[in-house]
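> One structure is given below, represented as structure tokens, and several questions about it will come after.
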Amino acid sequence: MPDKAARGVLLAILVAVWLTGCGGEGQRTLSIATGNTNGLYYPLGGGLASIWSRHVDGVNMKAETTAGSVTNLIQVAKGESEVGFTQADALAAALAGAGRFPEPMPLLSIGKLYPNVVHLVTIRSTGIESVQDLRGRRVSVGPPGSGNAVTAWNVLGAMGIGESDFTVRQLNYAQMSNGLKDGTLDAGFIAGGVGMPAVVEIGVSRDMVLVPFTDGEIATIVRAEPAYSGFNMPPGVYRGVDEPVLTPTLWNLLVVSRSMDEGLAYDLTRTMLERRGDLENISSVASFITPVSARDMDDFPIHPRGATALLRRSTGRRSAGFRRPLTTGKLPWRHILFALAIGLSLFQLWQSTSGMLSATLARPIHLAWVIVLTFLAKPSWTGEGPAPRWCLWLDAGLALAALYCGWVIVGFDYRGVDHILYGLGTHDLIVGLVFVVLLFEATRRAVGWVMVAVGLVFLLYAGFGDLLPDVVANRGFSVERILRFQIFTGAGLFGTPLGIAAGTVFIFVLFGAFLEVTGAGRFFIDLAFAAAGRFRGGPAKASVIASAAMGSISGSAIANTVTTGALTIPMMKKLGYRPEQAGGIEAAASTGGQIMPPIMGAGAFIMADFTNTPYREIVALSIAPAILYFGCTLLFVHLMAVKLGLRGMKNPPPVRRTLSEGVHFLLPLGLVVALLLLNYSPPLVGAVGCLAVVVTGMARKGTRVGWRTILEGLRAGAVLALPISLACATAGIVVGVIGQTGIGLQFTESVVQAAGGLLWLALIFIAIAALVLGMGLPVTAAYIVISVMAAPALEGLGLSLLVAHMIIFWLSQTSNVTPPIALAAFAGAGVAGSAPMRTATQAVKLSLGFFIVPAMMAYSALILVDGTSVTAFVFAIVCTVALISVAAYAIEGFAITACGGVERGLFALAAGLILVPNDPVRIAGVLLGAAVFALHARNSRGRREAPQAR
């Protein structure tokens with residue numbers, strides 16, 4: 001029935017969308033090939049797509065994420081995209097049919113964009129002062145086949161530095177940044193506009209040096225690569241750059257096919273220039289945008305009308321000279337699974353500490369390994385008794401198929417262009433298709449049908465979007481092109497979500513597993529009971545504290561509910577809480593662990609990557625909201641205890657004794673927090689944390705662990721990470737389709753338009769979307785999908801990027817405790833032996849903070865971002881505390897004693913006034929709530945004294 005209902009709802013939505021889009025004037029859906037979502041091409045391309053769709057008649061332009069310049073040029077030449085971004089050196093090679101291009105490409109330029117500056121970044125302690133000092137060092141040139149790598153090899157080649165002169169690393173921006181911070185990398189090339197976020201982040205966290213080039217070196221580069229020129233980086237752009245730094249640079253251009261209609265090219269160019277101010281709101285580099293002129297770019301053919309009627313023939317410039325870097329036994333199943341799980345954990349620890357493998361290698365290896373493990377850990381046979389032999393062979397066959405597909409993908413030539421120019425070969429096409437099917441089957445086993453359905457719907461949308469009405473249409477992509485983008489680039493299935501899951505998230509899940517197997521987890525629970533057990537409703541309050549501590553590390557609200565709840569729920573029931581209350585308290589507290597610093601499940605790391613914000617800043621900004629959430633939950637727990645007349649534990653364990661038995665387990669947590677705040681990369685910190693847990697466990701005789709326990713921790717960490725990695729890989733498909741089709745940017749505009757400029761209405765839309773998606777997706781996957789589409793909408797309504805992501809992350813948690821599919825609450829109901837829906841009702845009430853705190857984030861200074869005064873921050877906290885209190889009194893109908901109807905109504909009115917984003921009105925709401933509480937307290941005292949007088 002759930003599947004039939006889901007299909008019916010999906011069909012109804014599609015019909016409604018079709019009807020709303022029909023009847024308008026037909027438009028031609030075009031695409032602009034941009035780049036990955038971490039660079040400047042994508043946001044500028046999204047801005048251009050929006051401007052052209054609004055201001056050029058008959059054009060419905062979509063921004064498409066791609067692998068970069070080379071891919072863009074080939075797509076435009078083949079007619080797969082109408083417009084594309086490119087670097088000048090790549091265009092020179094494409095026009096000449098040289099380097100990586102087997103034949104001249106029929107391309108024209110319509111616009112000059114902004115200069116791409118070559119940043120050669122290092123840390124002062126390395127002693128690197130010139131490009132010649134790179135010899136014998138560990139240097140990253142960028143991911144294989146990227147524009148960044150092309151630029152790096154061009155510069156190095158011109159300077160006479162080859163592959164054999166240094167240790168070549170092919171890392172993306174995040175890996176490069178982590179390597180420089182951790183000391184596993186000496187220098188790296190970053191090609192991009194002035195003020196690149198990746199360079200800014202390195203400058204903030206370390207003593208960065210931007211290596212200068214001399215005038216002679218620039219002249220040498222220009223002689224070898226005429227598309228380049230010199231650029232003086234102004235002081236103050238980056239921290240540590242106090243005087244101008246001379247660097248190589250080359251321009252970015254917009255290209256179209258020679259066959260593009262002259263009228264369309266003219267309209268696109270004219271509109272881009274007229275609306276340049278709109279693009280400057282996206283990035284200041286848009287101020288460089290001018291028509292291509294003979295004086296500026298005399299080596300590229302220019303569209304006759306598209307670039308102010310200037311037409312120049314190519315001078316036949318020689319190649320840009322791209323350089324290519326060197327490119328079943330008889331063991332029982334459980335033993336194979338055990339060995340593979342340990343191997344995966346060891347591989348991830350090695351990769352986290354060394355960073356040896358580029359993302360194009362590490363991510364496919366990780367995912368293939370995860371899929372193989374899933375088929376063995378979660379077999380197809382779910383019935384009673386031993387599995388039939390054919391089921392065992394089926395699972396073994398699927399595992400071997402995943403292994404083979406992973407081997408093919410890892411060995412794929414990402415630097416080649418044949419697959420872009422001529423399409424994937426039959427073998428690669430079949431491998432890609434089979435790998436997607438295997439991923440979906442593994443996801444179905446580990447996560448559930450809903451996640452698979454979401455991924456499949458988005459793939460169908462990519463393939464058949466041209467059949468939909470203009471409001472949601474895309475150009476309609478072939479199976480080959482979808483698979484090429486999703487499997488054989490770093491922007492789809494192997495994109496950012498999987499990269500985070502395979503790096504930071506996996507390591508911290510492993511860290512949590514080591515805490516469990518060494519006994520540290522039990523210590524934190526005992527410490528919570530020792531600290532809070534003696535108070536009214538003590539076991540419930542201890543549950544909240546313990547779940548806050550363990551939930552932050554475990555990464556799973558459901559797992560935390562079951563593990564912590566196995567101890568806390570029986571004690572709450574024994575004290576007098578009803579079963580549904582006990583289950584709801586544990587579910588609310590465990591779900592709250594996902595927003596509790598320092599680890600925040602996987603949220604802090606993903607948010608840091610999505611917003612280009614240092615991890616320590618996100619942790620610092622999350623402390624106050626997290627405390628407010630748990631304060632809200634503890635208030636409800638206290639009110640329930642007073643209402644039921646409950647007392648604390650009779651003999652709680654002494655705090656001193658509990659601390660003395662496990663105080664050494666606080667050292668790994670302290671070390672992890674300290675290293676994270678010192679801005680070491682999270683994967684390295686997590687690996688150090690795993691080692692620290694084992695080492696500190698050796699400090700006491702009672703907590704010492706042997707090799708069996710260590711191996712069990714490695715195994716448990718790998719198995720716990722399976723659903724997270726699979727969910728993120730499938731979410732990567734969704735993110736990839738959103739980028740490839742451009743629907744994300746259109747969704748953003750639709751939300752802004754539907755909300756009519758009203759932030760509160762947009763928040764309601766996003767909260768509903770988070771609830772619906774979260775019913776079938778893990779929290780991490782739901783956050784990724786929603787943030788990609790909705791965060792820009794909230795930005796458009798006036799919120800900062802970080803606040804927008806924080807709100808979405810909080811709202812993504814609500815599905816764990818909100819009916820009808822409240823998985824954490826249902827898990828708590830299973831432990832408590834209560835009715836699932838009643839438990840979910842209690843859980844959502846106790847999780848009121850998940851709705852109140854995001855609202856106050858949006859309408860007050862609760863997040864202390866740049867420009868927020870301390871006074872405004874304190875006022876926001878006071879208002880939020882007051883709002884939580886009066887809302888709890890109104891909902892629970894109890895404060896000191898039972899509240900009357902008038903009191904509950906006045907408390908509700910006070911809550912409504914505090915929600916109004918107007919300081920005088922909020923002050924009135926706070927004063928009203930305080931006055932009603934004071935009156936209630938006096939009346940309660942009178943009711944208690946009256947019986948004594950009699």
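Letters for chains follow the order of the structure tokens (A, B, ...), residue numbers begin at 1 for each chain, and ligand numbers begin at 1 in the order shown.
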Give me the residues near stretch 890-894 of chain A as a VMD selection string, where near means some atom within 9 Å (using only C-alpha atoms) and where sequence neighbours in that chain fewer than 3 positions away do not count.
chain A and resid 636 639 to 640 642 to 643 845 885 to 887 897 to 901 903 to 908 911
> Contacts between stretch 720-725 of chain A and stretch 464-531 of chain A, please, where a residue of stretch 464-531 of chain A counts if it comes within 7 Å (with only C-alpha atoms); show its shortest atom pair and distance in Å to one decimal, rows by chain and ascending number, as a Markdown table.

| residue | atom | partner | partner_atom | distance |
| --- | --- | --- | --- | --- |
| A:Leu498 | CA | A:Ser725 | CA | 6.3 |
| A:Ala501 | CA | A:Ser725 | CA | 5.4 |
| A:Ala502 | CA | A:Ser725 | CA | 6.6 |
| A:Phe506 | CA | A:Ala721 | CA | 5.9 |
| A:Val509 | CA | A:Ala721 | CA | 6.5 |
> Residues of stretch 221-288 of chain A that have any atom at most 12 Å from an atom of stretch 121-135 of chain A: could you tabulate them with the shortest-distance atom pair and the distance in Å to one decimal, using only C-alpha atoms, ordered by chain and increasing number, as a Markdown table?

| residue | atom | partner | partner_atom | distance |
| --- | --- | --- | --- | --- |
| A:Tyr238 | CA | A:Val121 | CA | 11.2 |
| A:Gly240 | CA | A:Arg124 | CA | 10.0 |
| A:Val241 | CA | A:Val121 | CA | 11.2 |
| A:Val245 | CA | A:Ser130 | CA | 11.7 |
| A:Leu246 | CA | A:Ser130 | CA | 11.4 |
| A:Thr247 | CA | A:Val131 | CA | 10.7 |
| A:Pro248 | CA | A:Val131 | CA | 11.6 |
> Selection from above, all heavy atoms, as an mmCIF file, in the first residue's frame, can you write it?

data_model
loop_
_atom_site.group_PDB
_atom_site.id
_atom_site.type_symbol
_atom_site.label_atom_id
_atom_site.label_comp_id
_atom_site.auth_asym_id
_atom_site.auth_seq_id
_atom_site.Cartn_x
_atom_site.Cartn_y
_atom_site.Cartn_z
ATOM 1 N N TYR A 238 43.656 38.370 0.050
ATOM 2 C CA TYR A 238 43.803 37.186 0.882
ATOM 3 C C TYR A 238 44.607 37.541 2.122
ATOM 4 O O TYR A 238 45.491 38.406 2.081
ATOM 5 C CB TYR A 238 44.510 36.058 0.124
ATOM 6 C CG TYR A 238 43.838 35.658 -1.161
ATOM 7 C CD1 TYR A 238 44.436 35.913 -2.390
ATOM 8 C CD2 TYR A 238 42.602 35.024 -1.151
ATOM 9 C CE1 TYR A 238 43.827 35.542 -3.574
ATOM 10 C CE2 TYR A 238 41.977 34.652 -2.331
ATOM 11 C CZ TYR A 238 42.598 34.916 -3.538
ATOM 12 O OH TYR A 238 41.984 34.561 -4.708
ATOM 13 N N GLY A 240 47.443 37.487 4.577
ATOM 14 C CA GLY A 240 48.859 37.212 4.388
ATOM 15 C C GLY A 240 49.429 37.814 3.121
ATOM 16 O O GLY A 240 50.646 37.861 2.945
ATOM 17 N N VAL A 241 48.558 38.272 2.207
ATOM 18 C CA VAL A 241 49.025 38.917 0.976
ATOM 19 C C VAL A 241 48.978 40.423 1.218
ATOM 20 O O VAL A 241 47.932 41.065 1.045
ATOM 21 C CB VAL A 241 48.158 38.515 -0.232
ATOM 22 C CG1 VAL A 241 48.645 39.210 -1.500
ATOM 23 C CG2 VAL A 241 48.194 37.007 -0.420
ATOM 24 N N VAL A 245 51.203 40.771 -5.772
ATOM 25 C CA VAL A 245 51.890 39.536 -6.163
ATOM 26 C C VAL A 245 51.639 39.310 -7.644
ATOM 27 O O VAL A 245 50.488 39.234 -8.087
ATOM 28 C CB VAL A 245 51.385 38.331 -5.341
ATOM 29 C CG1 VAL A 245 52.034 37.034 -5.839
ATOM 30 C CG2 VAL A 245 51.669 38.535 -3.864
ATOM 31 N N LEU A 246 52.701 39.178 -8.422
ATOM 32 C CA LEU A 246 52.592 38.959 -9.862
ATOM 33 C C LEU A 246 52.334 37.477 -10.130
ATOM 34 O O LEU A 246 53.093 36.618 -9.672
ATOM 35 C CB LEU A 246 53.871 39.414 -10.568
ATOM 36 C CG LEU A 246 53.888 39.289 -12.100
ATOM 37 C CD1 LEU A 246 52.798 40.157 -12.732
ATOM 38 C CD2 LEU A 246 55.262 39.674 -12.645
ATOM 39 N N THR A 247 51.252 37.184 -10.879
ATOM 40 C CA THR A 247 50.893 35.799 -11.187
ATOM 41 C C THR A 247 50.476 35.698 -12.650
ATOM 42 O O THR A 247 50.059 36.694 -13.258
ATOM 43 C CB THR A 247 49.727 35.303 -10.313
ATOM 44 O OG1 THR A 247 48.548 36.041 -10.654
ATOM 45 C CG2 THR A 247 50.019 35.483 -8.836
ATOM 46 N N PRO A 248 50.550 34.500 -13.244
ATOM 47 C CA PRO A 248 50.012 34.315 -14.591
ATOM 48 C C PRO A 248 48.481 34.343 -14.550
ATOM 49 O O PRO A 248 47.860 34.009 -13.538
ATOM 50 C CB PRO A 248 50.512 32.925 -14.996
ATOM 51 C CG PRO A 248 51.523 32.540 -13.967
ATOM 52 C CD PRO A 248 51.193 33.295 -12.729
#
> With only C-alpha atoms as the counted atoms, please give the residues lying no more than 12 Å from stretch 867-879 of chain A, apart from itself and same-chain residues fewer than 5 positions off, as a VMD selection string.
chain A and resid 621 623 to 629 631 800 852 to 853 855 to 862 884 to 887 910 to 927 929 to 930
> For the selection just defined, write its residues with N, CA and C atoms to a file, as a CSV table (one decimal), in the first residue's frame.

chain,number,residue,atom,x,y,z
A,621,LEU,N,28.9,28.7,16.0
A,621,LEU,CA,27.6,29.3,15.8
A,621,LEU,C,26.5,28.3,16.2
A,623,ILE,N,26.4,26.3,18.9
A,623,ILE,CA,26.3,26.0,20.3
A,623,ILE,C,25.1,26.5,20.9
A,624,ALA,N,24.8,27.8,20.7
A,624,ALA,CA,23.6,28.4,21.4
A,624,ALA,C,22.3,27.8,20.9
A,625,PRO,N,22.1,27.6,19.6
A,625,PRO,CA,20.8,27.0,19.1
A,625,PRO,C,20.7,25.6,19.7
A,626,ALA,N,21.8,24.8,19.8
A,626,ALA,CA,21.7,23.4,20.3
A,626,ALA,C,21.3,23.4,21.8
A,627,ILE,N,21.9,24.3,22.5
A,627,ILE,CA,21.6,24.4,24.0
A,627,ILE,C,20.1,24.8,24.1
A,628,LEU,N,19.6,25.7,23.3
A,628,LEU,CA,18.2,26.1,23.4
A,628,LEU,C,17.3,24.9,23.0
A,629,TYR,N,17.7,24.1,22.0
A,629,TYR,CA,16.9,22.9,21.7
A,629,TYR,C,16.8,21.9,22.9
A,631,GLY,N,17.4,22.6,26.0
A,631,GLY,CA,16.6,23.3,27.1
A,631,GLY,C,15.2,23.1,26.9
A,800,SER,N,21.4,35.1,5.0
A,800,SER,CA,22.8,34.8,4.6
A,800,SER,C,22.9,33.3,4.2
A,852,ILE,N,10.8,26.0,16.5
A,852,ILE,CA,10.9,27.3,17.1
A,852,ILE,C,12.3,27.9,16.8
A,853,VAL,N,13.4,27.1,17.0
A,853,VAL,CA,14.7,27.7,16.8
A,853,VAL,C,15.0,28.1,15.3
A,855,ALA,N,12.8,29.2,13.2
A,855,ALA,CA,12.0,30.4,13.0
A,855,ALA,C,12.8,31.6,13.6
A,856,MET,N,13.4,31.4,14.7
A,856,MET,CA,14.1,32.5,15.3
A,856,MET,C,15.4,32.8,14.6
A,857,MET,N,16.0,31.7,14.0
A,857,MET,CA,17.2,32.0,13.2
A,857,MET,C,16.9,32.9,12.0
A,858,ALA,N,15.7,32.7,11.5
A,858,ALA,CA,15.3,33.5,10.3
A,858,ALA,C,14.9,34.9,10.7
A,859,TYR,N,14.3,35.1,11.8
A,859,TYR,CA,13.7,36.4,12.2
A,859,TYR,C,14.4,37.1,13.4
A,860,SER,N,15.6,36.6,13.7
A,860,SER,CA,16.3,37.3,14.8
A,860,SER,C,17.8,37.0,14.6
A,861,ALA,N,18.6,37.6,15.4
A,861,ALA,CA,20.1,37.5,15.3
A,861,ALA,C,20.6,36.3,16.1
A,862,LEU,N,19.9,35.1,16.1
A,862,LEU,CA,20.2,33.9,16.9
A,862,LEU,C,21.5,33.3,16.4
A,884,ILE,N,10.1,29.5,23.9
A,884,ILE,CA,10.1,28.1,24.3
A,884,ILE,C,9.3,27.9,25.5
A,885,SER,N,9.5,28.7,26.5
A,885,SER,CA,8.8,28.6,27.8
A,885,SER,C,7.3,28.7,27.7
A,886,VAL,N,6.8,29.8,27.1
A,886,VAL,CA,5.4,30.1,27.0
A,886,VAL,C,4.7,29.1,26.1
A,887,ALA,N,5.4,28.6,25.0
A,887,ALA,CA,4.8,27.6,24.1
A,887,ALA,C,4.7,26.3,24.9
A,910,ALA,N,1.2,35.2,24.0
A,910,ALA,CA,2.6,35.7,24.2
A,910,ALA,C,3.5,35.1,23.2
A,911,ALA,N,3.3,33.8,23.0
A,911,ALA,CA,4.2,33.1,22.0
A,911,ALA,C,4.0,33.7,20.6
A,912,GLY,N,2.8,34.0,20.2
A,912,GLY,CA,2.5,34.6,18.9
A,912,GLY,C,3.1,36.0,18.8
A,913,LEU,N,3.1,36.8,19.9
A,913,LEU,CA,3.7,38.1,19.8
A,913,LEU,C,5.2,38.0,19.7
A,914,ILE,N,5.9,37.0,20.4
A,914,ILE,CA,7.3,36.9,20.3
A,914,ILE,C,7.8,36.5,18.9
A,915,LEU,N,6.9,35.8,18.2
A,915,LEU,CA,7.3,35.4,16.9
A,915,LEU,C,7.3,36.5,15.9
A,916,VAL,N,6.6,37.6,16.2
A,916,VAL,CA,6.5,38.7,15.3
A,916,VAL,C,7.8,39.4,15.2
A,917,PRO,N,8.4,39.6,14.0
A,917,PRO,CA,9.8,40.2,13.8
A,917,PRO,C,9.8,41.7,14.0
A,918,ASN,N,9.4,42.1,15.2
A,918,ASN,CA,9.4,43.5,15.6
A,918,ASN,C,9.7,43.6,17.0
A,919,ASP,N,10.8,44.3,17.3
A,919,ASP,CA,11.3,44.3,18.7
A,919,ASP,C,10.3,44.8,19.7
A,920,PRO,N,9.6,45.9,19.5
A,920,PRO,CA,8.7,46.3,20.6
A,920,PRO,C,7.6,45.3,20.8
A,921,VAL,N,7.1,44.7,19.7
A,921,VAL,CA,6.1,43.6,19.9
A,921,VAL,C,6.6,42.4,20.6
A,922,ARG,N,7.9,42.1,20.3
A,922,ARG,CA,8.5,40.9,21.0
A,922,ARG,C,8.7,41.2,22.5
A,923,ILE,N,9.1,42.5,22.8
A,923,ILE,CA,9.2,42.8,24.2
A,923,ILE,C,7.9,42.7,24.9
A,924,ALA,N,6.8,43.2,24.2
A,924,ALA,CA,5.5,43.1,24.8
A,924,ALA,C,5.1,41.6,25.1
A,925,GLY,N,5.5,40.7,24.1
A,925,GLY,CA,5.2,39.3,24.3
A,925,GLY,C,5.9,38.7,25.5
A,926,VAL,N,7.2,39.1,25.6
A,926,VAL,CA,8.0,38.6,26.7
A,926,VAL,C,7.4,39.1,28.1
A,927,LEU,N,7.1,40.3,28.1
A,927,LEU,CA,6.5,40.9,29.4
A,927,LEU,C,5.1,40.2,29.7
A,929,GLY,N,4.2,37.2,28.8
A,929,GLY,CA,4.5,35.8,29.3
A,929,GLY,C,4.9,35.9,30.7
A,930,ALA,N,5.8,36.8,31.1
A,930,ALA,CA,6.3,36.9,32.4
A,930,ALA,C,5.2,37.2,33.4
> What does the structure give for the distance between atom CA of A:Ser380 and atom CA of A:Val719, in Å to one decimal?
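Between these atoms lies a distance of 16.7 Å.
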> Could you work out how far atom CA of A:Leu634 lies from atom CA of A:Thr814, giving the answer in Å with one decimal?
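Interatomic distance, atom CA of A:Thr814 to atom CA of A:Leu634: 17.8 Å.
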> Using the chain letters and numbers from this document, which residues of stretch 609-841 of chain A does DSSP assign to alpha helix (DSSP H), as an MDAnalysis selection string?
chainID A and resid 609:611 615:644 655:662 666:677 682:697 707:741 743:755 759:774 779:796 801:812 823:832 836:841
> Give me the residues of stretch 333-433 of chain A that have any atom at most 9 Å from an atom of stretch 168-180 of chain A; for each, the nearest atom pair and the distance in Å, rounded to one decimal. Use only C-alpha atoms, sort by chain and number, and format it as JSON lines.

{"residue": "A:Ser354", "atom": "CA", "partner": "A:Gly179", "partner_atom": "CA", "distance": 8.3}
{"residue": "A:Gly355", "atom": "CA", "partner": "A:Gly179", "partner_atom": "CA", "distance": 6.9}
{"residue": "A:Met356", "atom": "CA", "partner": "A:Arg169", "partner_atom": "CA", "distance": 7.4}
{"residue": "A:Leu357", "atom": "CA", "partner": "A:Gln170", "partner_atom": "CA", "distance": 7.8}
{"residue": "A:Ser358", "atom": "CA", "partner": "A:Leu171", "partner_atom": "CA", "distance": 5.0}
{"residue": "A:Ala359", "atom": "CA", "partner": "A:Leu171", "partner_atom": "CA", "distance": 6.7}
{"residue": "A:Thr360", "atom": "CA", "partner": "A:Leu171", "partner_atom": "CA", "distance": 8.8}
> Identify all residues of stretch 221-272 of chain A in strand (DSSP E) (DSSP on the backbone) and supply them as a PyMOL selection string.
chain A and resi 229-233+245-257
> Within 10 Å of A:Val454, counting only C-alpha atoms, which residues show up once you throw out same-chain ones fewer than 2 positions away? Write them as a compact mmCIF listing (two decimals) with all heavy atoms, in the first residue's frame, please.

# COMPACT_ATOMS: atom_id res chain seq x y z
N TRP A 449 13.25 1.52 -0.08
CA TRP A 449 12.72 1.77 -1.42
C TRP A 449 12.59 3.26 -1.74
O TRP A 449 12.73 3.67 -2.89
CB TRP A 449 11.35 1.11 -1.57
CG TRP A 449 11.41 -0.31 -2.06
CD1 TRP A 449 11.14 -1.44 -1.34
CD2 TRP A 449 11.77 -0.75 -3.38
NE1 TRP A 449 11.33 -2.56 -2.12
CE2 TRP A 449 11.70 -2.16 -3.39
CE3 TRP A 449 12.15 -0.09 -4.54
CZ2 TRP A 449 11.99 -2.91 -4.51
CZ3 TRP A 449 12.43 -0.84 -5.67
CH2 TRP A 449 12.36 -2.23 -5.65
N VAL A 450 12.26 4.06 -0.74
CA VAL A 450 11.96 5.46 -1.02
C VAL A 450 13.18 6.18 -1.58
O VAL A 450 13.08 6.95 -2.54
CB VAL A 450 11.45 6.17 0.25
CG1 VAL A 450 11.21 7.65 -0.01
CG2 VAL A 450 10.17 5.51 0.74
N MET A 451 14.35 5.90 -1.01
CA MET A 451 15.57 6.52 -1.52
C MET A 451 15.81 6.13 -2.97
O MET A 451 16.19 6.96 -3.81
CB MET A 451 16.75 6.08 -0.66
CG MET A 451 18.06 6.78 -1.00
SD MET A 451 18.20 8.40 -0.25
CE MET A 451 18.78 9.37 -1.62
N VAL A 452 15.58 4.86 -3.29
CA VAL A 452 15.74 4.39 -4.67
C VAL A 452 14.74 5.10 -5.58
O VAL A 452 15.08 5.52 -6.70
CB VAL A 452 15.56 2.86 -4.74
CG1 VAL A 452 15.61 2.37 -6.18
CG2 VAL A 452 16.62 2.16 -3.91
N LEU A 456 15.53 7.30 -8.90
CA LEU A 456 15.00 6.86 -10.18
C LEU A 456 14.13 7.93 -10.82
O LEU A 456 14.21 8.18 -12.03
CB LEU A 456 14.18 5.57 -9.99
CG LEU A 456 13.64 4.91 -11.26
CD1 LEU A 456 14.78 4.55 -12.20
CD2 LEU A 456 12.84 3.67 -10.91
N VAL A 457 13.31 8.61 -10.02
CA VAL A 457 12.46 9.68 -10.55
C VAL A 457 13.30 10.79 -11.16
O VAL A 457 13.00 11.31 -12.24
CB VAL A 457 11.53 10.23 -9.44
CG1 VAL A 457 10.90 11.55 -9.87
CG2 VAL A 457 10.44 9.22 -9.13
N PHE A 458 14.39 11.14 -10.49
CA PHE A 458 15.24 12.20 -11.02
C PHE A 458 15.95 11.76 -12.30
O PHE A 458 16.13 12.56 -13.23
CB PHE A 458 16.26 12.65 -9.97
CG PHE A 458 15.74 13.73 -9.06
CD1 PHE A 458 14.96 13.42 -7.96
CD2 PHE A 458 16.01 15.06 -9.32
CE1 PHE A 458 14.46 14.41 -7.13
CE2 PHE A 458 15.52 16.06 -8.50
CZ PHE A 458 14.74 15.74 -7.40
N LEU A 459 16.36 10.50 -12.39
CA LEU A 459 16.96 10.01 -13.63
C LEU A 459 15.95 10.03 -14.77
O LEU A 459 16.28 10.41 -15.91
CB LEU A 459 17.50 8.59 -13.43
CG LEU A 459 18.79 8.46 -12.61
CD1 LEU A 459 19.18 6.99 -12.50
CD2 LEU A 459 19.93 9.25 -13.25
N THR A 730 23.39 7.93 -3.78
CA THR A 730 22.12 8.12 -4.48
C THR A 730 21.70 9.58 -4.45
O THR A 730 21.16 10.10 -5.43
CB THR A 730 21.03 7.24 -3.84
OG1 THR A 730 21.49 5.89 -3.79
CG2 THR A 730 19.74 7.28 -4.65
N ALA A 731 21.96 10.25 -3.33
CA ALA A 731 21.69 11.69 -3.28
C ALA A 731 22.57 12.43 -4.28
O ALA A 731 22.16 13.45 -4.84
CB ALA A 731 21.94 12.23 -1.87
N ILE A 733 23.28 11.37 -7.23
CA ILE A 733 22.55 11.29 -8.49
C ILE A 733 21.54 12.42 -8.58
O ILE A 733 21.40 13.10 -9.61
CB ILE A 733 21.86 9.92 -8.64
CG1 ILE A 733 22.90 8.81 -8.82
CG2 ILE A 733 20.86 9.93 -9.79
CD1 ILE A 733 22.32 7.43 -8.92
N VAL A 734 20.81 12.63 -7.48
CA VAL A 734 19.81 13.70 -7.44
C VAL A 734 20.48 15.06 -7.65
O VAL A 734 20.03 15.88 -8.47
CB VAL A 734 19.04 13.67 -6.11
CG1 VAL A 734 18.09 14.86 -6.01
CG2 VAL A 734 18.29 12.36 -5.97
N LEU A 773 10.42 14.72 2.17
CA LEU A 773 11.62 14.03 1.73
C LEU A 773 12.21 13.19 2.86
O LEU A 773 12.69 12.07 2.64
CB LEU A 773 12.66 15.03 1.24
CG LEU A 773 12.55 15.49 -0.21
CD1 LEU A 773 13.63 16.50 -0.52
CD2 LEU A 773 12.66 14.33 -1.17
N GLY A 776 11.42 9.37 3.67
CA GLY A 776 12.05 8.23 3.02
C GLY A 776 13.55 8.33 2.91
O GLY A 776 14.20 7.36 2.53
N LEU A 777 14.12 9.50 3.23
CA LEU A 777 15.56 9.67 3.08
C LEU A 777 16.21 9.82 4.44
O LEU A 777 15.62 10.35 5.37
CB LEU A 777 15.87 10.93 2.25
CG LEU A 777 15.24 11.07 0.87
CD1 LEU A 777 15.83 12.29 0.18
CD2 LEU A 777 15.47 9.84 0.03
> Name the residues in contact with A:Ala396 at a cut-off of 10 Å, using only C-alpha atoms, excluding same-chain residues fewer than 5 positions from it; report them as a ChimeraX atom specification.
/A:328,333,372,375-376,379,390-391,401-402
> Please produce a file of the residues just selected, as a PDB file, in the first residue's frame, where the atoms kept are C-alpha atoms.

ATOM      1  CA  THR A 328      35.619 -17.662  -4.269  1.00  0.00           C
ATOM      2  CA  TRP A 333      30.747 -15.749   4.292  1.00  0.00           C
ATOM      3  CA  VAL A 372      30.232  -5.301  -2.212  1.00  0.00           C
ATOM      4  CA  PHE A 375      25.484  -7.460  -0.731  1.00  0.00           C
ATOM      5  CA  LEU A 376      27.307  -9.632   1.811  1.00  0.00           C
ATOM      6  CA  PRO A 379      21.775 -10.748   1.807  1.00  0.00           C
ATOM      7  CA  TRP A 390      20.929 -19.745  -5.323  1.00  0.00           C
ATOM      8  CA  CYS A 391      20.548 -16.710  -3.049  1.00  0.00           C
ATOM      9  CA  ALA A 401      29.783  -7.418 -10.643  1.00  0.00           C
ATOM     10  CA  ALA A 402      30.175  -4.381  -8.372  1.00  0.00           C
TER      11      ALA A 402
END
> Determine the nearest neighbour of A:Ala588 from the options A:Val434, A:Ile738, A:Ala692, A:Val817, counting only C-alpha atoms.
A:Val817
> Choose the residue, out of A:Leu40, A:Leu802, A:Ala77, A:Ile190, that has the smallest atom-to-atom separation from A:Asp866; count only C-alpha atoms.
A:Leu802
